[in-house]
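A short write-up of the structure that comes next.
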Amino acid sequence: MSEVRRATRTDAEAILALWKAAEATASVTDTLEDVRRMIETERAAFVVAMADGAVVGSLIATFDGWRGNMYRLATHPGQRRNGIARTLVAEAERVLDEWGAKRVTALVEMDHPWAVGFWRAAGYRLDERLSRYVRDLGRGGS
């Protein structure tokens with residue numbers, strides 16, 4: 001890995017390709033328009049890991065004024081176990097700490113054992129008191 005940096009609009013296609021390669025579950029927000037909007041959101045740190053000019057990792061960190069949230073952590077399968085995910089999480093935690101976050105939550109797909117294992121190894125604990133409820137709105141909803 002050569003660098004971790006903030007994503008730019010021109011990274012959007014590569015990010016979508018990364019998510020597909022990393023087997024991230026597809027979402028209604030997996031569009032160029034939505035990825036570019038998130039990249040430009042003020043209280044979001046959309047970070048990418050680069051290797052040989054290619055996007056090999058991504059993570060979105062947001063702060064809502066109350067708590068930090070991280071999601072869409074993805075590492076290219078050919079680049080896993082090289083410290084990319086840990087580096088992305090460390091950068092996101094640094095930014096969230098600067099913004100004043102005191103607690104950080106991570107959205108993790110339970111049916112991806114590699115993801116669950118990573119977050120546990122990174123010091124995050126499962127909060128079994130909570131469940132996630134989802135409703136798609138507007139153009140993306142049913």
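As shown in the structure tokens, the chain order sets the letters A, B, ...; within each chain, residues go from 1, and ligands are also counted from 1 in the order they appear.
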
_Quick one: residues within 9 Å of Ala21 (chain A), only C-alpha atoms, excluding same-chain residues fewer than 5 positions away - as an MDAnalysis selection string?_
chainID A and resid 16 75:77

File dump, residues just selected, C-alpha atoms, as a PDB file, in the first residue's frame:
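File part11.pdb, as written:
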```pdb
ATOM      1  CA  LEU A  16     -17.766   0.680  -6.794  1.00  0.00           C
ATOM      2  CA  THR A  75     -10.295  -4.390   1.066  1.00  0.00           C
ATOM      3  CA  HIS A  76      -9.571  -5.951  -2.295  1.00  0.00           C
ATOM      4  CA  PRO A  77      -9.366  -9.750  -1.787  1.00  0.00           C
TER       5      PRO A  77
END
```

*Close residues, Asp11 (chain A) itself excluded, 10 Å, only C-alpha atoms, min 6 positions apart in chain, as a PyMOL selection string*: chain A and resi 32+35-36+39+48+54-55

*Computed interatomic separation between CA of Arg72 (chain A) and CA of Glu33 (chain A) (Å)*: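 These atoms are spaced 16.3 Å apart.
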
*Separation of CA of Ala7 (chain A) and CA of His112 (chain A), in Å?*
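So the answer is 24.7 Å.
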
*In Å, with one decimal, what is the gap from CA of Asp34 (chain A) to CA of Gly100 (chain A)?*
25.9 Å

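Nearest to Arg5 (chain A) of all the residues A:Val95, A:Val104, A:Met110, A:Ala26 is A:Val95, counting only C-alpha atoms.
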
*Residues at most 7 Å from Ala74 (chain A), counting only C-alpha atoms, excluding those fewer than 5 positions away in the same chain, as a count of residues only?*
5

Give me the residues near Ala115 (chain A) as a CSV table (one decimal) with all heavy atoms, in the first residue's frame, where near means some atom within 12 Å (using only C-alpha atoms) and where sequence neighbours in that chain fewer than 3 positions away do not count.
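Listing of selection-v2.csv after writing:
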```
chain,number,residue,atom,x,y,z
A,22,ALA,N,-14.8,-7.1,-3.4
A,22,ALA,CA,-14.8,-7.4,-2.0
A,22,ALA,C,-16.0,-8.1,-1.5
A,22,ALA,O,-16.1,-8.4,-0.3
A,22,ALA,CB,-14.5,-6.2,-1.2
A,23,GLU,N,-17.0,-8.3,-2.4
A,23,GLU,CA,-18.3,-9.0,-2.1
A,23,GLU,C,-19.1,-8.2,-1.0
A,23,GLU,O,-19.8,-8.9,-0.2
A,23,GLU,CB,-18.0,-10.4,-1.6
A,23,GLU,CG,-17.3,-11.3,-2.7
A,23,GLU,CD,-17.0,-12.7,-2.2
A,23,GLU,OE1,-17.8,-13.2,-1.3
A,23,GLU,OE2,-16.1,-13.3,-2.7
A,24,ALA,N,-19.0,-6.9,-1.1
A,24,ALA,CA,-19.9,-6.1,-0.2
A,24,ALA,C,-21.3,-6.3,-0.8
A,24,ALA,O,-21.5,-6.3,-2.0
A,24,ALA,CB,-19.5,-4.6,-0.3
A,71,TYR,N,-18.6,2.6,8.1
A,71,TYR,CA,-19.2,1.6,7.3
A,71,TYR,C,-18.6,1.5,5.9
A,71,TYR,O,-17.8,2.4,5.5
A,71,TYR,CB,-20.8,1.8,7.1
A,71,TYR,CG,-21.2,3.2,6.8
A,71,TYR,CD1,-21.5,3.5,5.5
A,71,TYR,CD2,-21.3,4.2,7.7
A,71,TYR,CE1,-21.9,4.8,5.1
A,71,TYR,CE2,-21.8,5.4,7.4
A,71,TYR,CZ,-22.0,5.7,6.1
A,71,TYR,OH,-22.4,7.0,5.8
A,72,ARG,N,-18.9,0.5,5.2
A,72,ARG,CA,-18.3,0.2,3.9
A,72,ARG,C,-16.8,0.0,3.9
A,72,ARG,O,-16.1,0.5,3.0
A,72,ARG,CB,-18.7,1.3,2.8
A,72,ARG,CG,-20.1,1.1,2.3
A,72,ARG,CD,-20.3,-0.2,1.6
A,72,ARG,NE,-21.6,-0.5,1.2
A,72,ARG,CZ,-22.0,-1.0,0.1
A,72,ARG,NH1,-21.1,-1.4,-0.8
A,72,ARG,NH2,-23.2,-1.2,-0.2
A,73,LEU,N,-16.3,-0.6,5.0
A,73,LEU,CA,-14.9,-1.0,5.0
A,73,LEU,C,-14.8,-2.2,4.0
A,73,LEU,O,-15.4,-3.2,4.1
A,73,LEU,CB,-14.5,-1.5,6.4
A,73,LEU,CG,-13.1,-2.0,6.5
A,73,LEU,CD1,-12.1,-1.0,6.2
A,73,LEU,CD2,-12.8,-2.5,8.0
A,74,ALA,N,-13.9,-2.0,3.1
A,74,ALA,CA,-13.7,-3.0,2.0
A,74,ALA,C,-12.2,-3.0,1.7
A,74,ALA,O,-11.6,-2.0,1.6
A,74,ALA,CB,-14.5,-2.7,0.8
A,75,THR,N,-11.7,-4.2,1.5
A,75,THR,CA,-10.3,-4.4,1.1
A,75,THR,C,-10.3,-5.4,-0.1
A,75,THR,O,-11.0,-6.4,-0.1
A,75,THR,CB,-9.4,-5.0,2.2
A,75,THR,OG1,-9.5,-4.1,3.3
A,75,THR,CG2,-8.0,-5.1,1.7
A,80,ARG,N,-5.8,-8.4,1.1
A,80,ARG,CA,-6.2,-8.6,2.5
A,80,ARG,C,-5.0,-9.1,3.3
A,80,ARG,O,-4.1,-9.8,2.7
A,80,ARG,CB,-7.4,-9.6,2.6
A,80,ARG,CG,-8.6,-8.9,2.1
A,80,ARG,CD,-9.9,-9.8,2.3
A,80,ARG,NE,-11.0,-9.1,1.8
A,80,ARG,CZ,-12.1,-9.6,1.2
A,80,ARG,NH1,-12.1,-10.9,1.1
A,80,ARG,NH2,-13.1,-8.9,0.8
A,81,ARG,N,-5.1,-8.9,4.6
A,81,ARG,CA,-4.1,-9.3,5.5
A,81,ARG,C,-2.7,-8.6,5.3
A,81,ARG,O,-1.7,-9.1,5.7
A,81,ARG,CB,-3.9,-10.8,5.5
A,81,ARG,CG,-5.3,-11.5,5.7
A,81,ARG,CD,-5.3,-12.8,6.4
A,81,ARG,NE,-4.7,-12.9,7.7
A,81,ARG,CZ,-5.2,-12.7,8.8
A,81,ARG,NH1,-6.4,-12.2,8.9
A,81,ARG,NH2,-4.6,-12.9,10.0
A,85,ALA,N,-6.9,-2.6,6.1
A,85,ALA,CA,-8.2,-2.3,6.9
A,85,ALA,C,-7.8,-1.6,8.2
A,85,ALA,O,-8.4,-0.6,8.6
A,85,ALA,CB,-9.0,-3.5,7.1
A,86,ARG,N,-6.8,-2.0,8.9
A,86,ARG,CA,-6.4,-1.4,10.1
A,86,ARG,C,-5.9,0.0,9.9
A,86,ARG,O,-6.2,0.9,10.7
A,86,ARG,CB,-5.3,-2.2,10.8
A,86,ARG,CG,-5.8,-3.5,11.5
A,86,ARG,CD,-4.8,-4.1,12.4
A,86,ARG,NE,-5.2,-5.3,13.0
A,86,ARG,CZ,-5.8,-5.4,14.2
A,86,ARG,NH1,-6.0,-4.3,14.8
A,86,ARG,NH2,-6.3,-6.5,14.6
A,106,ALA,N,-19.5,0.7,14.2
A,106,ALA,CA,-19.2,0.2,12.9
A,106,ALA,C,-20.3,-0.7,12.4
A,106,ALA,O,-20.8,-1.5,13.2
A,106,ALA,CB,-17.9,-0.7,13.0
A,107,LEU,N,-20.8,-0.5,11.2
A,107,LEU,CA,-21.8,-1.3,10.6
A,107,LEU,C,-21.1,-2.4,9.9
A,107,LEU,O,-20.3,-2.3,9.0
A,107,LEU,CB,-22.6,-0.4,9.5
A,107,LEU,CG,-23.8,-1.0,8.9
A,107,LEU,CD1,-24.9,-1.3,10.0
A,107,LEU,CD2,-24.4,0.0,7.9
A,108,VAL,N,-21.4,-3.7,10.4
A,108,VAL,CA,-20.7,-4.9,9.9
A,108,VAL,C,-21.7,-5.9,9.5
A,108,VAL,O,-22.7,-6.2,10.3
A,108,VAL,CB,-19.9,-5.4,11.1
A,108,VAL,CG1,-19.1,-6.6,10.6
A,108,VAL,CG2,-18.9,-4.3,11.6
A,109,GLU,N,-21.5,-6.5,8.4
A,109,GLU,CA,-22.4,-7.6,7.9
A,109,GLU,C,-22.1,-8.9,8.7
A,109,GLU,O,-21.0,-9.4,8.6
A,109,GLU,CB,-22.2,-7.8,6.4
A,109,GLU,CG,-22.7,-6.6,5.6
A,109,GLU,CD,-22.8,-7.0,4.1
A,109,GLU,OE1,-23.4,-8.0,3.8
A,109,GLU,OE2,-22.3,-6.2,3.3
A,110,MET,N,-23.1,-9.4,9.4
A,110,MET,CA,-22.9,-10.5,10.3
A,110,MET,C,-22.6,-11.8,9.5
A,110,MET,O,-22.0,-12.7,10.0
A,110,MET,CB,-24.1,-10.7,11.2
A,110,MET,CG,-24.3,-9.6,12.1
A,110,MET,SD,-22.9,-9.2,13.2
A,110,MET,CE,-23.0,-10.7,14.3
A,111,ASP,N,-23.0,-11.9,8.2
A,111,ASP,CA,-22.8,-13.1,7.4
A,111,ASP,C,-21.5,-13.1,6.7
A,111,ASP,O,-21.2,-13.9,5.8
A,111,ASP,CB,-24.0,-13.4,6.5
A,111,ASP,CG,-24.1,-12.3,5.4
A,111,ASP,OD1,-23.6,-11.2,5.6
A,111,ASP,OD2,-24.8,-12.6,4.4
A,112,HIS,N,-20.6,-12.1,7.0
A,112,HIS,CA,-19.3,-12.0,6.5
A,112,HIS,C,-18.3,-12.3,7.6
A,112,HIS,O,-17.9,-11.3,8.3
A,112,HIS,CB,-19.0,-10.7,5.8
A,112,HIS,CG,-19.7,-10.5,4.5
A,112,HIS,ND1,-19.6,-9.3,3.9
A,112,HIS,CD2,-20.5,-11.3,3.8
A,112,HIS,CE1,-20.4,-9.4,2.7
A,112,HIS,NE2,-20.9,-10.6,2.7
A,118,PHE,N,-12.5,-9.3,11.8
A,118,PHE,CA,-11.6,-8.1,11.8
A,118,PHE,C,-12.0,-7.1,12.9
A,118,PHE,O,-11.2,-6.6,13.6
A,118,PHE,CB,-11.7,-7.4,10.4
A,118,PHE,CG,-11.1,-6.0,10.5
A,118,PHE,CD1,-9.7,-5.9,10.4
A,118,PHE,CD2,-11.8,-4.9,10.7
A,118,PHE,CE1,-9.1,-4.6,10.5
A,118,PHE,CE2,-11.3,-3.6,10.8
A,118,PHE,CZ,-9.9,-3.5,10.7
A,119,TRP,N,-13.3,-6.8,12.9
A,119,TRP,CA,-13.7,-5.7,13.9
A,119,TRP,C,-13.5,-6.2,15.3
A,119,TRP,O,-13.1,-5.4,16.2
A,119,TRP,CB,-15.2,-5.4,13.7
A,119,TRP,CG,-15.3,-4.5,12.4
A,119,TRP,CD1,-15.8,-4.9,11.2
A,119,TRP,CD2,-15.0,-3.1,12.3
A,119,TRP,NE1,-15.7,-3.9,10.3
A,119,TRP,CE2,-15.2,-2.8,11.0
A,119,TRP,CE3,-14.5,-2.2,13.2
A,119,TRP,CZ2,-15.0,-1.5,10.5
A,119,TRP,CZ3,-14.2,-0.9,12.7
A,119,TRP,CH2,-14.5,-0.6,11.4
A,120,ARG,N,-13.7,-7.5,15.6
A,120,ARG,CA,-13.4,-8.0,17.0
A,120,ARG,C,-11.9,-7.8,17.2
A,120,ARG,O,-11.5,-7.3,18.3
A,120,ARG,CB,-13.8,-9.4,17.1
A,120,ARG,CG,-15.3,-9.6,17.3
A,120,ARG,CD,-15.6,-11.0,17.7
A,120,ARG,NE,-17.1,-11.1,17.9
A,120,ARG,CZ,-17.8,-12.0,17.4
A,120,ARG,NH1,-17.3,-13.0,16.7
A,120,ARG,NH2,-19.1,-12.0,17.6
A,121,ALA,N,-11.0,-8.2,16.3
A,121,ALA,CA,-9.6,-8.1,16.5
A,121,ALA,C,-9.2,-6.6,16.6
A,121,ALA,O,-8.1,-6.3,17.2
A,121,ALA,CB,-8.9,-8.7,15.3
A,122,ALA,N,-9.9,-5.7,16.0
A,122,ALA,CA,-9.6,-4.3,16.1
A,122,ALA,C,-10.1,-3.6,17.4
A,122,ALA,O,-9.9,-2.4,17.6
A,122,ALA,CB,-10.2,-3.6,14.9
A,124,TYR,N,-13.3,-3.7,18.7
A,124,TYR,CA,-14.7,-3.4,18.7
A,124,TYR,C,-15.5,-4.5,19.2
A,124,TYR,O,-15.2,-5.7,19.0
A,124,TYR,CB,-15.2,-3.0,17.3
A,124,TYR,CG,-14.7,-1.6,16.9
A,124,TYR,CD1,-13.4,-1.4,16.5
A,124,TYR,CD2,-15.6,-0.5,16.8
A,124,TYR,CE1,-12.9,-0.2,16.1
A,124,TYR,CE2,-15.1,0.7,16.4
A,124,TYR,CZ,-13.8,0.9,16.1
A,124,TYR,OH,-13.3,2.1,15.8
```
